[in-house]
Amino acid sequence: LEGSIPNDIGEVPLKFLSLHNNKLKGMLPGEMERLGSLTHLDLSNNGLSGPIPDELGNMTKLEYLFLAVNPGFVEGPVPASFERLVQLSDFSVRDTNRTGPLPAWIPSLPNLVYLDLGSNGFVGPISDEYSGVDSLRFLFLHENSLAGNIPFGVIDRWAQLEILLLDGNPGLKGNVADLLCDHIRRENWTMAVDCPQVKCECCECCKADAGKGCI
(Lines give C-alpha, C1' and ligand atoms only; values in the text may rest on other atoms or scores of the structure.)
Protein backbone atom coordinates (compact mmCIF):
# COMPACT_ATOMS: atom_id res chain seq x y z
CA LEU A 1 0.00 0.00 0.00
CA GLU A 2 1.14 3.53 -0.79
CA GLY A 3 -0.12 7.00 0.00
CA SER A 4 -1.34 8.55 3.23
CA ILE A 5 -3.81 7.49 5.88
CA PRO A 6 -7.08 9.36 5.19
CA ASN A 7 -8.45 11.77 7.76
CA ASP A 8 -11.84 10.05 7.68
CA ILE A 9 -10.43 6.70 8.81
CA GLY A 10 -11.97 7.38 12.21
CA GLU A 11 -15.42 6.88 10.70
CA VAL A 12 -14.79 3.18 10.05
CA PRO A 13 -15.97 0.90 12.93
CA LEU A 14 -12.76 -1.13 13.32
CA LYS A 15 -11.42 -3.21 16.18
CA PHE A 16 -8.22 -4.44 14.45
CA LEU A 17 -6.06 -2.39 12.07
CA SER A 18 -2.71 -3.65 10.77
CA LEU A 19 -0.95 -1.62 8.06
CA HIS A 20 2.63 -2.61 8.82
CA ASN A 21 5.32 -3.18 6.18
CA ASN A 22 3.86 -0.87 3.56
CA LYS A 23 4.88 2.40 1.91
CA LEU A 24 2.53 4.73 3.76
CA LYS A 25 3.69 8.33 4.00
CA GLY A 26 2.52 11.60 5.46
CA MET A 27 1.22 12.55 8.85
CA LEU A 28 -0.75 10.31 11.15
CA PRO A 29 -4.22 11.91 11.43
CA GLY A 30 -5.40 12.80 14.91
CA GLU A 31 -8.87 11.79 13.75
CA MET A 32 -7.82 8.21 14.38
CA GLU A 33 -8.88 8.79 17.99
CA ARG A 34 -12.44 8.24 16.83
CA LEU A 35 -11.59 4.56 16.40
CA GLY A 36 -12.73 4.12 19.97
CA SER A 37 -13.27 0.35 19.74
CA LEU A 38 -9.82 -0.39 18.30
CA THR A 39 -7.76 -2.88 20.31
CA HIS A 40 -4.93 -3.54 17.82
CA LEU A 41 -3.08 -0.86 15.82
CA ASP A 42 0.09 -1.69 13.89
CA LEU A 43 1.59 1.01 11.66
CA SER A 44 5.19 -0.16 11.90
CA ASN A 45 7.69 -0.21 9.05
CA ASN A 46 6.28 2.58 6.93
CA GLY A 47 7.38 6.09 5.97
CA LEU A 48 5.14 8.12 8.26
CA SER A 49 6.21 11.63 9.24
CA GLY A 50 5.17 14.58 11.38
CA PRO A 51 4.46 14.39 15.11
CA ILE A 52 2.94 11.36 16.81
CA PRO A 53 -0.55 12.68 17.62
CA ASP A 54 -1.46 13.18 21.27
CA GLU A 55 -4.97 12.12 20.29
CA LEU A 56 -3.90 8.47 20.12
CA GLY A 57 -3.90 8.57 23.90
CA ASN A 58 -7.69 8.74 23.76
CA MET A 59 -7.89 5.25 22.19
CA THR A 60 -8.15 3.68 25.60
CA LYS A 61 -9.17 0.20 24.43
CA LEU A 62 -5.86 -0.35 22.67
CA GLU A 63 -4.04 -3.48 23.79
CA TYR A 64 -1.47 -3.55 20.99
CA LEU A 65 0.19 -0.38 19.64
CA PHE A 66 3.14 -0.62 17.25
CA LEU A 67 4.44 2.57 15.61
CA ALA A 68 7.95 1.17 15.19
CA VAL A 69 10.41 1.89 12.38
CA ASN A 70 8.97 5.16 11.18
CA PRO A 71 12.12 7.29 11.50
CA GLY A 72 10.42 10.21 9.75
CA PHE A 73 8.35 11.05 12.82
CA VAL A 74 9.27 14.43 14.26
CA GLU A 75 11.77 14.18 17.11
CA GLY A 76 10.20 14.29 20.55
CA PRO A 77 9.16 12.34 23.64
CA VAL A 78 6.56 9.60 23.78
CA PRO A 79 3.29 11.55 24.07
CA ALA A 80 2.30 11.89 27.72
CA SER A 81 -1.30 11.20 26.71
CA PHE A 82 -0.32 7.55 26.18
CA GLU A 83 -0.37 7.21 29.96
CA ARG A 84 -4.12 6.69 29.57
CA LEU A 85 -3.61 3.52 27.52
CA VAL A 86 -3.84 1.27 30.55
CA GLN A 87 -4.97 -1.78 28.54
CA LEU A 88 -1.70 -1.93 26.57
CA SER A 89 0.08 -5.27 26.63
CA ASP A 90 2.36 -4.73 23.59
CA PHE A 91 3.91 -1.33 22.86
CA SER A 92 6.67 -0.40 20.43
CA VAL A 93 8.02 2.98 19.34
CA ARG A 94 11.38 1.58 18.23
CA ASP A 95 13.19 3.78 15.71
CA THR A 96 10.68 6.64 15.77
CA ASN A 97 12.96 9.52 16.82
CA ARG A 98 11.85 9.50 20.47
CA THR A 99 13.98 11.66 22.76
CA GLY A 100 14.23 12.78 26.38
CA PRO A 101 14.27 10.62 29.50
CA LEU A 102 12.50 7.28 29.62
CA PRO A 103 8.82 8.04 30.31
CA ALA A 104 8.20 7.81 34.04
CA TRP A 105 4.60 6.67 33.55
CA ILE A 106 5.30 3.55 31.46
CA PRO A 107 6.04 1.27 34.46
CA SER A 108 2.58 2.10 35.81
CA LEU A 109 0.84 0.42 32.84
CA PRO A 110 -0.61 -2.63 34.63
CA ASN A 111 -0.87 -5.08 31.71
CA LEU A 112 2.38 -4.41 29.85
CA VAL A 113 4.11 -7.57 28.57
CA TYR A 114 6.20 -6.31 25.63
CA LEU A 115 7.96 -2.92 25.65
CA ASP A 116 10.29 -1.79 22.85
CA LEU A 117 11.86 1.66 23.15
CA GLY A 118 15.03 0.69 21.27
CA SER A 119 16.91 2.60 18.55
CA ASN A 120 15.89 6.06 19.69
CA GLY A 121 17.53 9.00 21.45
CA PHE A 122 16.47 8.43 25.05
CA VAL A 123 18.86 9.86 27.63
CA GLY A 124 19.42 9.63 31.36
CA PRO A 125 19.18 6.72 33.78
CA ILE A 126 16.94 3.66 33.96
CA SER A 127 14.78 4.20 37.01
CA ASP A 128 14.14 1.45 39.56
CA GLU A 129 10.49 1.50 38.51
CA TYR A 130 11.41 -0.14 35.18
CA SER A 131 12.45 -3.24 37.08
CA GLY A 132 9.19 -3.45 39.00
CA VAL A 133 6.65 -4.20 36.26
CA ASP A 134 5.37 -7.63 37.27
CA SER A 135 3.68 -8.36 33.93
CA LEU A 136 6.69 -7.46 31.75
CA ARG A 137 8.39 -10.27 29.80
CA PHE A 138 10.22 -8.45 26.99
CA LEU A 139 12.13 -5.19 27.58
CA PHE A 140 14.11 -3.54 24.78
CA LEU A 141 16.04 -0.36 25.65
CA HIS A 142 18.97 -0.96 23.30
CA GLU A 143 20.68 1.60 21.05
CA ASN A 144 19.84 4.77 22.93
CA SER A 145 21.94 7.23 24.90
CA LEU A 146 21.02 6.00 28.37
CA ALA A 147 23.58 6.50 31.11
CA GLY A 148 24.20 5.78 34.76
CA ASN A 149 23.97 2.64 36.84
CA ILE A 150 21.70 -0.16 35.70
CA PRO A 151 19.43 -0.92 38.69
CA PHE A 152 20.79 -4.41 39.22
CA GLY A 153 20.23 -3.96 42.97
CA VAL A 154 16.56 -4.69 42.35
CA ILE A 155 17.23 -7.02 39.42
CA ASP A 156 15.49 -9.91 41.15
CA ARG A 157 12.29 -8.19 40.03
CA TRP A 158 13.55 -8.54 36.44
CA ALA A 159 13.85 -12.31 36.80
CA GLN A 160 10.44 -12.79 35.16
CA LEU A 161 11.79 -11.35 31.90
CA GLU A 162 12.53 -13.56 28.92
CA ILE A 163 14.54 -10.95 26.97
CA LEU A 164 16.35 -7.85 28.26
CA LEU A 165 18.30 -5.75 25.74
CA LEU A 166 20.37 -2.84 27.07
CA ASP A 167 23.26 -2.90 24.60
CA GLY A 168 24.20 0.12 22.51
CA ASN A 169 24.10 2.44 25.54
CA PRO A 170 27.80 3.05 26.24
CA GLY A 171 26.98 5.28 29.20
CA LEU A 172 25.32 2.46 31.15
CA LYS A 173 27.36 0.62 33.73
CA GLY A 174 26.88 -1.79 36.59
CA ASN A 175 27.47 -5.27 37.88
CA VAL A 176 25.04 -8.11 37.16
CA ALA A 177 23.77 -9.41 40.48
CA ASP A 178 24.55 -12.99 41.53
CA LEU A 179 20.83 -13.65 41.85
CA LEU A 180 20.31 -12.81 38.19
CA CYS A 181 23.26 -14.98 37.16
CA ASP A 182 21.63 -17.90 38.93
CA HIS A 183 18.48 -17.23 36.96
CA ILE A 184 20.37 -16.99 33.65
CA ARG A 185 21.97 -20.37 34.27
CA ARG A 186 18.66 -22.05 35.10
CA GLU A 187 16.37 -20.49 32.51
CA ASN A 188 16.35 -19.83 28.77
CA TRP A 189 17.00 -16.15 29.34
CA THR A 190 18.49 -13.59 26.93
CA MET A 191 20.26 -10.43 28.04
CA ALA A 192 22.47 -8.07 26.03
CA VAL A 193 24.60 -5.34 27.66
CA ASP A 194 27.77 -3.48 26.70
CA CYS A 195 31.06 -4.83 27.94
CA PRO A 196 33.33 -4.00 29.62
CA GLN A 197 31.19 -1.21 31.14
CA VAL A 198 28.81 -3.80 32.58
CA LYS A 199 30.43 -6.57 34.61
CA CYS A 200 28.86 -10.02 34.46
CA GLU A 201 30.58 -13.17 35.69
CA CYS A 202 28.06 -15.44 33.98
CA CYS A 203 28.12 -13.67 30.59
CA GLU A 204 30.24 -14.05 27.48
CA CYS A 205 31.67 -10.87 25.98
CA CYS A 206 30.91 -10.87 22.27
CA LYS A 207 32.59 -8.95 19.48
CA ALA A 208 30.47 -6.50 17.53
CA ASP A 209 30.86 -8.56 14.34
CA ALA A 210 30.18 -11.91 16.00
CA GLY A 211 26.80 -12.31 14.31
CA LYS A 212 23.24 -12.82 15.48
CA GLY A 213 24.01 -15.83 17.63
CA CYS A 214 26.23 -13.89 20.02
CA ILE A 215 24.21 -12.08 22.69
# chains A, B, ... in the order shown; residues from 1 in each chain; ligands from 1
call {"tool": "select_by_dssp", "arguments": {"residues": "chain A", "states": "alpha helix (DSSP H)", "output": "PyMOL selection string"}}
result
chain A and resi 178-186
call {"tool": "residues_around", "arguments": {"residues": "range 129-143 of chain A", "least_positions_apart": "6", "cutoff": "10 Å", "atoms": "only C-alpha atoms", "output": "count of residues only"}}
result
52
call {"tool": "residues_around", "arguments": {"residues": "range 39-45 of chain A", "least_positions_apart": "4", "cutoff": "9 Å", "atoms": "only C-alpha atoms", "output": "PyMOL selection string"}}
result
chain A and resi 14-24+59-70+87-88+92-93
call {"tool": "select_by_dssp", "arguments": {"residues": "range 65-157 of chain A", "states": "strand (DSSP E or B)", "output": "ChimeraX atom specification"}}
result
/A:65-66,72-73,76,90-92,98-101,114-116,121-124,138-140,145-149
call {"tool": "write_last_selection", "arguments": {"atoms": "N, CA, C and O atoms", "output": "mmCIF file, in the first residue's frame"}}
result
data_model
loop_
_atom_site.group_PDB
_atom_site.id
_atom_site.type_symbol
_atom_site.label_atom_id
_atom_site.label_comp_id
_atom_site.auth_asym_id
_atom_site.auth_seq_id
_atom_site.Cartn_x
_atom_site.Cartn_y
_atom_site.Cartn_z
ATOM 1 N N LEU A 65 -0.115 -1.615 20.372
ATOM 2 C CA LEU A 65 0.194 -0.385 19.635
ATOM 3 C C LEU A 65 1.636 -0.442 19.168
ATOM 4 O O LEU A 65 2.571 -0.369 19.964
ATOM 5 N N PHE A 66 1.812 -0.602 17.858
ATOM 6 C CA PHE A 66 3.136 -0.624 17.252
ATOM 7 C C PHE A 66 3.233 0.522 16.240
ATOM 8 O O PHE A 66 2.527 0.532 15.235
ATOM 9 N N GLY A 72 10.789 8.878 10.203
ATOM 10 C CA GLY A 72 10.425 10.212 9.755
ATOM 11 C C GLY A 72 9.562 10.973 10.737
ATOM 12 O O GLY A 72 9.293 12.168 10.531
ATOM 13 N N PHE A 73 9.108 10.325 11.801
ATOM 14 C CA PHE A 73 8.350 11.046 12.816
ATOM 15 C C PHE A 73 9.196 12.177 13.394
ATOM 16 O O PHE A 73 10.411 12.023 13.586
ATOM 17 N N GLY A 76 10.900 13.871 19.350
ATOM 18 C CA GLY A 76 10.195 14.286 20.552
ATOM 19 C C GLY A 76 9.971 13.125 21.491
ATOM 20 O O GLY A 76 10.288 11.970 21.181
ATOM 21 N N ASP A 90 1.238 -4.764 24.524
ATOM 22 C CA ASP A 90 2.364 -4.729 23.591
ATOM 23 C C ASP A 90 2.512 -3.312 23.044
ATOM 24 O O ASP A 90 1.575 -2.779 22.435
ATOM 25 N N PHE A 91 3.703 -2.728 23.235
ATOM 26 C CA PHE A 91 3.909 -1.327 22.864
ATOM 27 C C PHE A 91 5.306 -1.158 22.285
ATOM 28 O O PHE A 91 6.304 -1.517 22.926
ATOM 29 N N SER A 92 5.376 -0.631 21.064
ATOM 30 C CA SER A 92 6.672 -0.401 20.433
ATOM 31 C C SER A 92 6.706 0.946 19.722
ATOM 32 O O SER A 92 5.851 1.225 18.870
ATOM 33 N N ARG A 98 12.252 9.082 19.123
ATOM 34 C CA ARG A 98 11.847 9.504 20.467
ATOM 35 C C ARG A 98 13.071 9.982 21.237
ATOM 36 O O ARG A 98 14.164 9.402 21.137
ATOM 37 N N THR A 99 12.891 11.037 22.019
ATOM 38 C CA THR A 99 13.983 11.659 22.764
ATOM 39 C C THR A 99 13.553 11.939 24.204
ATOM 40 O O THR A 99 12.402 11.727 24.580
ATOM 41 N N GLY A 100 14.505 12.439 24.988
ATOM 42 C CA GLY A 100 14.235 12.775 26.380
ATOM 43 C C GLY A 100 14.464 11.595 27.294
ATOM 44 O O GLY A 100 14.932 10.533 26.868
ATOM 45 N N PRO A 101 14.129 11.744 28.562
ATOM 46 C CA PRO A 101 14.271 10.619 29.499
ATOM 47 C C PRO A 101 13.233 9.545 29.224
ATOM 48 O O PRO A 101 12.211 9.795 28.571
ATOM 49 N N TYR A 114 5.161 -6.534 26.633
ATOM 50 C CA TYR A 114 6.201 -6.311 25.628
ATOM 51 C C TYR A 114 6.411 -4.806 25.474
ATOM 52 O O TYR A 114 5.476 -4.080 25.123
ATOM 53 N N LEU A 115 7.638 -4.345 25.745
ATOM 54 C CA LEU A 115 7.959 -2.920 25.645
ATOM 55 C C LEU A 115 9.228 -2.744 24.837
ATOM 56 O O LEU A 115 10.295 -3.242 25.213
ATOM 57 N N ASP A 116 9.138 -2.035 23.712
ATOM 58 C CA ASP A 116 10.294 -1.788 22.851
ATOM 59 C C ASP A 116 10.461 -0.292 22.645
ATOM 60 O O ASP A 116 9.691 0.344 21.920
ATOM 61 N N GLY A 121 16.572 8.073 20.869
ATOM 62 C CA GLY A 121 17.531 8.998 21.454
ATOM 63 C C GLY A 121 17.254 9.264 22.917
ATOM 64 O O GLY A 121 17.493 10.379 23.408
ATOM 65 N N PHE A 122 16.748 8.256 23.634
ATOM 66 C CA PHE A 122 16.465 8.426 25.054
ATOM 67 C C PHE A 122 17.766 8.647 25.832
ATOM 68 O O PHE A 122 18.799 8.037 25.531
ATOM 69 N N VAL A 123 17.693 9.516 26.830
ATOM 70 C CA VAL A 123 18.864 9.857 27.635
ATOM 71 C C VAL A 123 18.540 9.674 29.113
ATOM 72 O O VAL A 123 17.385 9.503 29.499
ATOM 73 N N GLY A 124 19.603 9.707 29.929
ATOM 74 C CA GLY A 124 19.416 9.634 31.364
ATOM 75 C C GLY A 124 19.431 8.215 31.874
ATOM 76 O O GLY A 124 19.731 7.262 31.148
ATOM 77 N N PHE A 138 9.271 -8.848 28.026
ATOM 78 C CA PHE A 138 10.221 -8.446 26.988
ATOM 79 C C PHE A 138 10.491 -6.946 27.124
ATOM 80 O O PHE A 138 9.569 -6.144 26.996
ATOM 81 N N LEU A 139 11.756 -6.585 27.376
ATOM 82 C CA LEU A 139 12.126 -5.187 27.581
ATOM 83 C C LEU A 139 13.309 -4.853 26.681
ATOM 84 O O LEU A 139 14.390 -5.410 26.828
ATOM 85 N N PHE A 140 13.088 -3.936 25.739
ATOM 86 C CA PHE A 140 14.110 -3.540 24.777
ATOM 87 C C PHE A 140 14.412 -2.048 24.942
ATOM 88 O O PHE A 140 13.573 -1.208 24.604
ATOM 89 N N SER A 145 20.839 6.515 24.258
ATOM 90 C CA SER A 145 21.941 7.232 24.904
ATOM 91 C C SER A 145 21.730 7.251 26.412
ATOM 92 O O SER A 145 21.994 8.248 27.093
ATOM 93 N N LEU A 146 21.248 6.125 26.937
ATOM 94 C CA LEU A 146 21.018 6.000 28.370
ATOM 95 C C LEU A 146 22.346 5.948 29.112
ATOM 96 O O LEU A 146 23.353 5.489 28.569
ATOM 97 N N ALA A 147 22.346 6.433 30.332
ATOM 98 C CA ALA A 147 23.583 6.497 31.111
ATOM 99 C C ALA A 147 23.277 6.279 32.586
ATOM 100 O O ALA A 147 22.135 6.360 33.020
ATOM 101 N N GLY A 148 24.342 5.984 33.335
ATOM 102 C CA GLY A 148 24.201 5.777 34.764
ATOM 103 C C GLY A 148 24.220 4.300 35.106
ATOM 104 O O GLY A 148 24.496 3.436 34.272
ATOM 105 N N ASN A 149 23.935 4.019 36.352
ATOM 106 C CA ASN A 149 23.968 2.641 36.844
ATOM 107 C C ASN A 149 22.683 1.895 36.496
ATOM 108 O O ASN A 149 21.582 2.393 36.730
#
call {"tool": "atom_distance", "arguments": {"atom1": "CA of Asp128 in chain A", "atom2": "CA of Arg185 in chain A"}}
result
23.8 Å
